[in-house]
file entry-v3.csv (CSV, C-alpha atoms and all ligand atoms)
chain,number,residue,atom,x,y,z
D,1,MET,CA,-67.8,74.7,-129.1
D,2,ALA,CA,-66.4,74.2,-125.7
D,3,ALA,CA,-63.0,75.3,-126.8
D,4,ARG,CA,-64.3,78.5,-128.3
D,5,HIS,CA,-66.2,79.3,-125.1
D,6,THR,CA,-62.9,78.9,-123.1
D,7,ASN,CA,-61.2,81.2,-125.5
D,8,VAL,CA,-63.8,83.9,-125.0
D,9,GLU,CA,-63.5,83.6,-121.3
D,10,ARG,CA,-59.8,84.0,-121.4
D,11,THR,CA,-60.0,87.2,-123.4
D,12,HIS,CA,-62.6,88.5,-121.0
D,13,MET,CA,-60.3,87.7,-118.1
D,14,LYS,CA,-57.4,89.5,-119.7
D,15,ASN,CA,-59.5,92.6,-120.2
D,16,LEU,CA,-60.6,92.5,-116.6
D,17,THR,CA,-57.0,92.2,-115.3
D,18,PHE,CA,-56.0,95.1,-117.4
D,19,ALA,CA,-58.9,97.2,-116.1
D,20,ALA,CA,-58.1,96.2,-112.5
D,21,ALA,CA,-54.4,97.2,-113.0
D,22,LEU,CA,-55.5,100.5,-114.5
D,23,ALA,CA,-57.9,101.2,-111.6
D,24,ALA,CA,-55.2,100.3,-109.1
D,25,CYS,CA,-52.8,102.8,-110.7
D,26,LEU,CA,-55.0,105.8,-111.1
D,27,PRO,CA,-55.9,106.5,-107.5
D,28,LEU,CA,-52.2,106.2,-106.7
D,29,GLY,CA,-51.4,108.9,-109.2
D,30,VAL,CA,-53.9,111.1,-107.6
D,31,TRP,CA,-52.5,110.3,-104.2
D,32,ALA,CA,-49.1,111.3,-105.2
D,33,ALA,CA,-50.3,114.9,-105.7
D,34,GLY,CA,-51.8,115.0,-102.2
D,35,ALA,CA,-50.8,117.3,-99.4
D,36,ALA,CA,-49.2,114.5,-97.5
D,37,ASP,CA,-46.4,114.3,-100.1
D,38,ASN,CA,-45.3,117.9,-99.3
D,39,ILE,CA,-45.2,117.2,-95.5
D,40,ALA,CA,-42.0,116.1,-93.9
D,41,VAL,CA,-42.3,114.7,-90.4
D,42,VAL,CA,-39.2,115.6,-88.4
D,43,ASP,CA,-38.1,113.8,-85.2
D,44,PRO,CA,-41.4,112.2,-84.2
D,45,TYR,CA,-41.6,110.6,-80.8
D,46,VAL,CA,-44.1,109.2,-78.4
D,47,ARG,CA,-43.7,110.2,-74.7
D,48,MET,CA,-42.8,107.2,-72.5
D,49,VAL,CA,-45.3,106.7,-69.7
D,50,PRO,CA,-45.2,104.2,-66.8
D,51,PRO,CA,-47.2,101.0,-67.1
D,52,GLY,CA,-50.8,101.7,-66.0
D,53,ALA,CA,-50.9,105.2,-67.5
D,54,MET,CA,-53.9,105.6,-69.7
D,55,ALA,CA,-52.6,108.3,-72.0
D,56,THR,CA,-49.6,109.7,-73.7
D,57,ALA,CA,-48.8,112.1,-76.5
D,58,ALA,CA,-46.8,112.1,-79.8
D,59,PHE,CA,-44.7,115.1,-80.7
D,60,MET,CA,-43.0,116.1,-84.0
D,61,VAL,CA,-42.3,118.9,-86.4
D,62,LEU,CA,-44.4,119.0,-89.5
D,63,LYS,CA,-42.7,120.8,-92.4
D,64,ASN,CA,-44.7,121.8,-95.4
D,65,ALA,CA,-42.6,122.1,-98.6
D,66,GLY,CA,-45.7,122.9,-100.7
D,67,ASP,CA,-47.0,126.3,-101.7
D,68,LYS,CA,-50.4,125.7,-100.2
D,69,ASP,CA,-51.4,125.8,-96.5
D,70,VAL,CA,-52.2,122.3,-95.2
D,71,LYS,CA,-54.2,121.3,-92.2
D,72,LEU,CA,-53.6,118.2,-90.1
D,73,VAL,CA,-57.1,117.1,-89.4
D,74,LYS,CA,-56.8,113.7,-87.7
D,75,ALA,CA,-54.4,111.1,-86.4
D,76,GLU,CA,-54.8,107.4,-85.7
D,77,SER,CA,-52.5,105.0,-84.0
D,78,SER,CA,-52.3,101.3,-83.5
D,79,ALA,CA,-51.2,101.9,-79.9
D,80,ALA,CA,-54.3,103.8,-78.6
D,81,LYS,CA,-58.0,103.4,-78.9
D,82,ILE,CA,-58.5,107.2,-79.2
D,83,THR,CA,-56.2,109.6,-80.9
D,84,GLU,CA,-57.0,113.3,-80.8
D,85,LEU,CA,-55.3,116.6,-81.8
D,86,HIS,CA,-54.7,118.7,-78.8
D,87,THR,CA,-53.2,122.0,-77.7
D,88,HIS,CA,-52.4,123.5,-74.3
D,89,LEU,CA,-54.0,126.7,-73.2
D,90,ASN,CA,-53.0,128.9,-70.3
D,91,GLU,CA,-56.3,129.6,-68.5
D,92,GLY,CA,-55.7,131.9,-65.5
D,93,GLY,CA,-52.2,130.6,-65.0
D,94,VAL,CA,-53.2,127.0,-65.3
D,95,MET,CA,-52.1,125.0,-68.4
D,96,LYS,CA,-55.0,123.0,-69.7
D,97,MET,CA,-55.4,120.7,-72.7
D,98,ARG,CA,-58.0,121.2,-75.3
D,99,GLN,CA,-58.9,119.2,-78.4
D,100,VAL,CA,-58.5,121.2,-81.6
D,101,PRO,CA,-60.2,120.4,-84.9
D,102,ALA,CA,-57.0,120.9,-86.9
D,103,ILE,CA,-53.4,121.9,-86.8
D,104,ALA,CA,-52.4,124.4,-89.6
D,105,ILE,CA,-49.1,124.0,-91.4
D,106,LYS,CA,-48.4,127.1,-93.5
D,107,ALA,CA,-47.1,126.9,-97.0
D,108,LYS,CA,-43.3,126.6,-96.9
D,109,GLY,CA,-43.7,126.7,-93.1
D,110,GLU,CA,-43.9,124.3,-90.2
D,111,ALA,CA,-45.9,123.3,-87.2
D,112,THR,CA,-44.2,122.2,-84.0
D,113,LEU,CA,-45.9,119.7,-81.8
D,114,GLN,CA,-44.0,119.8,-78.5
D,115,PRO,CA,-44.6,119.3,-74.7
D,116,GLY,CA,-46.7,122.2,-73.4
D,117,GLY,CA,-48.1,123.0,-76.8
D,118,LEU,CA,-49.7,121.2,-79.7
D,119,HIS,CA,-49.6,117.4,-79.6
D,120,VAL,CA,-51.2,114.2,-80.8
D,121,MET,CA,-53.0,112.9,-77.8
D,122,MET,CA,-53.2,109.1,-77.4
D,123,ILE,CA,-55.9,108.0,-75.0
D,124,ASP,CA,-56.7,104.5,-73.8
D,125,LEU,CA,-53.4,102.7,-74.6
D,126,LYS,CA,-53.9,99.2,-75.8
D,127,ALA,CA,-50.7,97.9,-74.2
D,128,PRO,CA,-48.0,99.3,-71.9
D,129,LEU,CA,-45.4,101.3,-73.8
D,130,LYS,CA,-41.8,100.0,-74.0
D,131,GLU,CA,-39.0,102.5,-74.4
D,132,GLY,CA,-37.4,102.2,-77.7
D,133,ASP,CA,-40.4,100.5,-79.4
D,134,LYS,CA,-41.9,102.3,-82.3
D,135,VAL,CA,-45.5,103.3,-82.6
D,136,ALA,CA,-47.3,103.7,-85.9
D,137,VAL,CA,-49.2,106.9,-86.3
D,138,THR,CA,-51.2,107.8,-89.4
D,139,LEU,CA,-51.6,111.5,-90.0
D,140,GLY,CA,-54.6,112.7,-92.0
D,141,PHE,CA,-54.7,116.0,-93.9
D,142,ASP,CA,-57.5,118.2,-95.0
D,143,ASP,CA,-57.4,117.1,-98.7
D,144,GLY,CA,-57.9,113.5,-97.7
D,145,SER,CA,-54.3,112.4,-98.1
D,146,SER,CA,-52.5,110.7,-95.3
D,147,LYS,CA,-49.1,109.8,-94.1
D,148,LYS,CA,-48.0,106.9,-91.9
D,149,ILE,CA,-45.0,107.5,-89.6
D,150,GLU,CA,-43.2,105.4,-87.0
D,151,ALA,CA,-42.5,107.3,-83.8
D,152,PRO,CA,-40.1,105.8,-81.3
D,153,ILE,CA,-41.1,105.8,-77.6
D,154,ARG,CA,-38.8,108.1,-75.7
D,155,LYS,CA,-38.5,109.6,-72.2
D,156,PRO,CA,-39.0,113.3,-72.4
D,157,ALA,CA,-36.6,115.9,-71.0
D,158,PRO,CA,-37.9,116.9,-67.6
D,159,MET,CA,-40.7,119.4,-67.9
D,160,PRO,CA,-41.9,121.2,-64.8
D,161,ALA,CA,-45.6,121.8,-64.3
D,162,MET,CA,-46.6,119.3,-67.1
D,163,ASP,CA,-49.3,116.9,-66.2
D,164,HIS,CA,-51.0,114.8,-68.8
D,165,SER,CA,-52.6,112.5,-66.2
D,166,LYS,CA,-55.4,115.0,-65.3
D,167,HIS,CA,-56.8,114.6,-68.7
L,201,CU,CU,-53.6,116.2,-74.7

call {"tool": "encode", "arguments": {"input": "entry-v3.csv", "output": "structure tokens"}}
result
Amino acid sequence: MAARHTNVERTHMKNLTFAAALAACLPLGVWAAGAADNIAVVDPYVRMVPPGAMATAAFMVLKNAGDKDVKLVKAESSAAKITELHTHLNEGGVMKMRQVPAIAIKAKGEATLQPGGLHVMMIDLKAPLKEGDKVAVTLGFDDGSSKKIEAPIRKPAPMPAMDHSKH
């Protein structure tokens, strides 16, 4: 009787394992068709800032190989407590940063995140940045798919009239 019971349990276990494996595979299959798969992230980097600086920004070019427009709707990073999507606006001759809800990447097109324009703002840095280190940034798209990238910390080319400190 005891042996039979064990046998039944084993069969049950096998079925469970199979179901679990199937469940683990299916979402992956769906994910593969996500917008993130069509997005290539070219030359990402995080701007080096001196110790004590509270904020920095990540820049990159997002290329969309798909035939649907995609929107970058959020970003997260292990290096900062708050990560936002920003742009620069010229208001009466003064460049100001504004948070934007999304950054559009046209089908077969690209979006350029660069100093003085769109950027991924990283606020409240958890630790001082070290030049050459890599920062993990996860980009979230409007269909719920996401992409994790590693952006090296780099000193930017000198940019006059750029000031992120007055954030
Ligand atoms: Cu900003």

call {"tool": "residues_near_ligand", "arguments": {"input": "entry-v3.csv", "ligand": "ligand CU 201 (chain L)", "cutoff": "12 Å", "atoms": "only C-alpha atoms and all ligand atoms", "output": "PDB file with C-alpha atoms, keeping the file's coordinate frame"}}
result
ATOM      1  CA  ARG D  47     -43.700 110.200 -74.700  1.00  0.00           C
ATOM      2  CA  MET D  54     -53.900 105.600 -69.700  1.00  0.00           C
ATOM      3  CA  ALA D  55     -52.600 108.300 -72.000  1.00  0.00           C
ATOM      4  CA  THR D  56     -49.600 109.700 -73.700  1.00  0.00           C
ATOM      5  CA  ALA D  57     -48.800 112.100 -76.500  1.00  0.00           C
ATOM      6  CA  ALA D  58     -46.800 112.100 -79.800  1.00  0.00           C
ATOM      7  CA  PHE D  59     -44.700 115.100 -80.700  1.00  0.00           C
ATOM      8  CA  ILE D  82     -58.500 107.200 -79.200  1.00  0.00           C
ATOM      9  CA  THR D  83     -56.200 109.600 -80.900  1.00  0.00           C
ATOM     10  CA  GLU D  84     -57.000 113.300 -80.800  1.00  0.00           C
ATOM     11  CA  LEU D  85     -55.300 116.600 -81.800  1.00  0.00           C
ATOM     12  CA  HIS D  86     -54.700 118.700 -78.800  1.00  0.00           C
ATOM     13  CA  THR D  87     -53.200 122.000 -77.700  1.00  0.00           C
ATOM     14  CA  HIS D  88     -52.400 123.500 -74.300  1.00  0.00           C
ATOM     15  CA  LEU D  89     -54.000 126.700 -73.200  1.00  0.00           C
ATOM     16  CA  MET D  95     -52.100 125.000 -68.400  1.00  0.00           C
ATOM     17  CA  LYS D  96     -55.000 123.000 -69.700  1.00  0.00           C
ATOM     18  CA  MET D  97     -55.400 120.700 -72.700  1.00  0.00           C
ATOM     19  CA  ARG D  98     -58.000 121.200 -75.300  1.00  0.00           C
ATOM     20  CA  GLN D  99     -58.900 119.200 -78.400  1.00  0.00           C
ATOM     21  CA  VAL D 100     -58.500 121.200 -81.600  1.00  0.00           C
ATOM     22  CA  LEU D 113     -45.900 119.700 -81.800  1.00  0.00           C
ATOM     23  CA  GLN D 114     -44.000 119.800 -78.500  1.00  0.00           C
ATOM     24  CA  PRO D 115     -44.600 119.300 -74.700  1.00  0.00           C
ATOM     25  CA  GLY D 116     -46.700 122.200 -73.400  1.00  0.00           C
ATOM     26  CA  GLY D 117     -48.100 123.000 -76.800  1.00  0.00           C
ATOM     27  CA  LEU D 118     -49.700 121.200 -79.700  1.00  0.00           C
ATOM     28  CA  HIS D 119     -49.600 117.400 -79.600  1.00  0.00           C
ATOM     29  CA  VAL D 120     -51.200 114.200 -80.800  1.00  0.00           C
ATOM     30  CA  MET D 121     -53.000 112.900 -77.800  1.00  0.00           C
ATOM     31  CA  MET D 122     -53.200 109.100 -77.400  1.00  0.00           C
ATOM     32  CA  ILE D 123     -55.900 108.000 -75.000  1.00  0.00           C
ATOM     33  CA  MET D 162     -46.600 119.300 -67.100  1.00  0.00           C
ATOM     34  CA  ASP D 163     -49.300 116.900 -66.200  1.00  0.00           C
ATOM     35  CA  HIS D 164     -51.000 114.800 -68.800  1.00  0.00           C
ATOM     36  CA  SER D 165     -52.600 112.500 -66.200  1.00  0.00           C
ATOM     37  CA  LYS D 166     -55.400 115.000 -65.300  1.00  0.00           C
ATOM     38  CA  HIS D 167     -56.800 114.600 -68.700  1.00  0.00           C
TER      39      HIS D 167
END

call {"tool": "residues_around", "arguments": {"input": "entry-v3.csv", "residues": "Gly52 of chain D", "least_positions_apart": "6", "cutoff": "10 Å", "atoms": "all atoms listed in the file", "output": "PyMOL selection string"}}
result
chain D and resi 125+127-129

call {"tool": "atom_distance", "arguments": {"input": "entry-v3.csv", "atom1": "atom CA of Ala111 of chain D", "atom2": "atom CA of Ile39 of chain D"}}
result
10.3 Å

call {"tool": "closest_residue", "arguments": {"input": "entry-v3.csv", "among": "D:Ile103, D:Leu139, D:Asp133, D:Arg154", "to": "Ala79 of chain D", "atoms": "only C-alpha atoms"}}
result
D:Asp133

call {"tool": "atom_distance", "arguments": {"input": "entry-v3.csv", "atom1": "atom CA of Val135 of chain D", "atom2": "atom CA of Val42 of chain D"}}
result
15.0 Å

call {"tool": "atom_distance", "arguments": {"input": "entry-v3.csv", "atom1": "atom CA of Val41 of chain D", "atom2": "atom CA of Lys147 of chain D"}}
result
9.2 Å

call {"tool": "residues_near_point", "arguments": {"input": "entry-v3.csv", "point": "(-49.1, 108.8, -87.8)", "cutoff": "6 Å", "atoms": "only C-alpha atoms", "output": "JSON, numbers by chain"}}
result
{"D": [75, 136, 137, 138, 139, 148, 149]}

call {"tool": "closest_residue", "arguments": {"input": "entry-v3.csv", "among": "D:Ala80, D:Ala35, D:Ala40, D:Met48", "to": "Pro152 of chain D", "atoms": "only C-alpha atoms"}}
result
D:Met48

call {"tool": "closest_residue", "arguments": {"input": "entry-v3.csv", "among": "D:Glu110, D:Glu131, D:Asp67, D:Asp143", "to": "Gly34 of chain D", "atoms": "all atoms listed in the file"}}
result
D:Asp143

call {"tool": "closest_residue", "arguments": {"input": "entry-v3.csv", "among": "D:Glu91, D:Asp69, D:Asp124, D:Asp43", "to": "Asp142 of chain D", "atoms": "all atoms listed in the file"}}
result
D:Asp69

call {"tool": "closest_residue", "arguments": {"input": "entry-v3.csv", "among": "D:Met60, D:Val94, D:Ile105, D:Val49", "to": "Ala36 of chain D", "atoms": "all atoms listed in the file"}}
result
D:Ile105

call {"tool": "closest_residue", "arguments": {"input": "entry-v3.csv", "among": "D:Lys71, D:Pro51, D:Asn38, D:Lys155", "to": "Lys106 of chain D", "atoms": "only C-alpha atoms"}}
result
D:Lys71
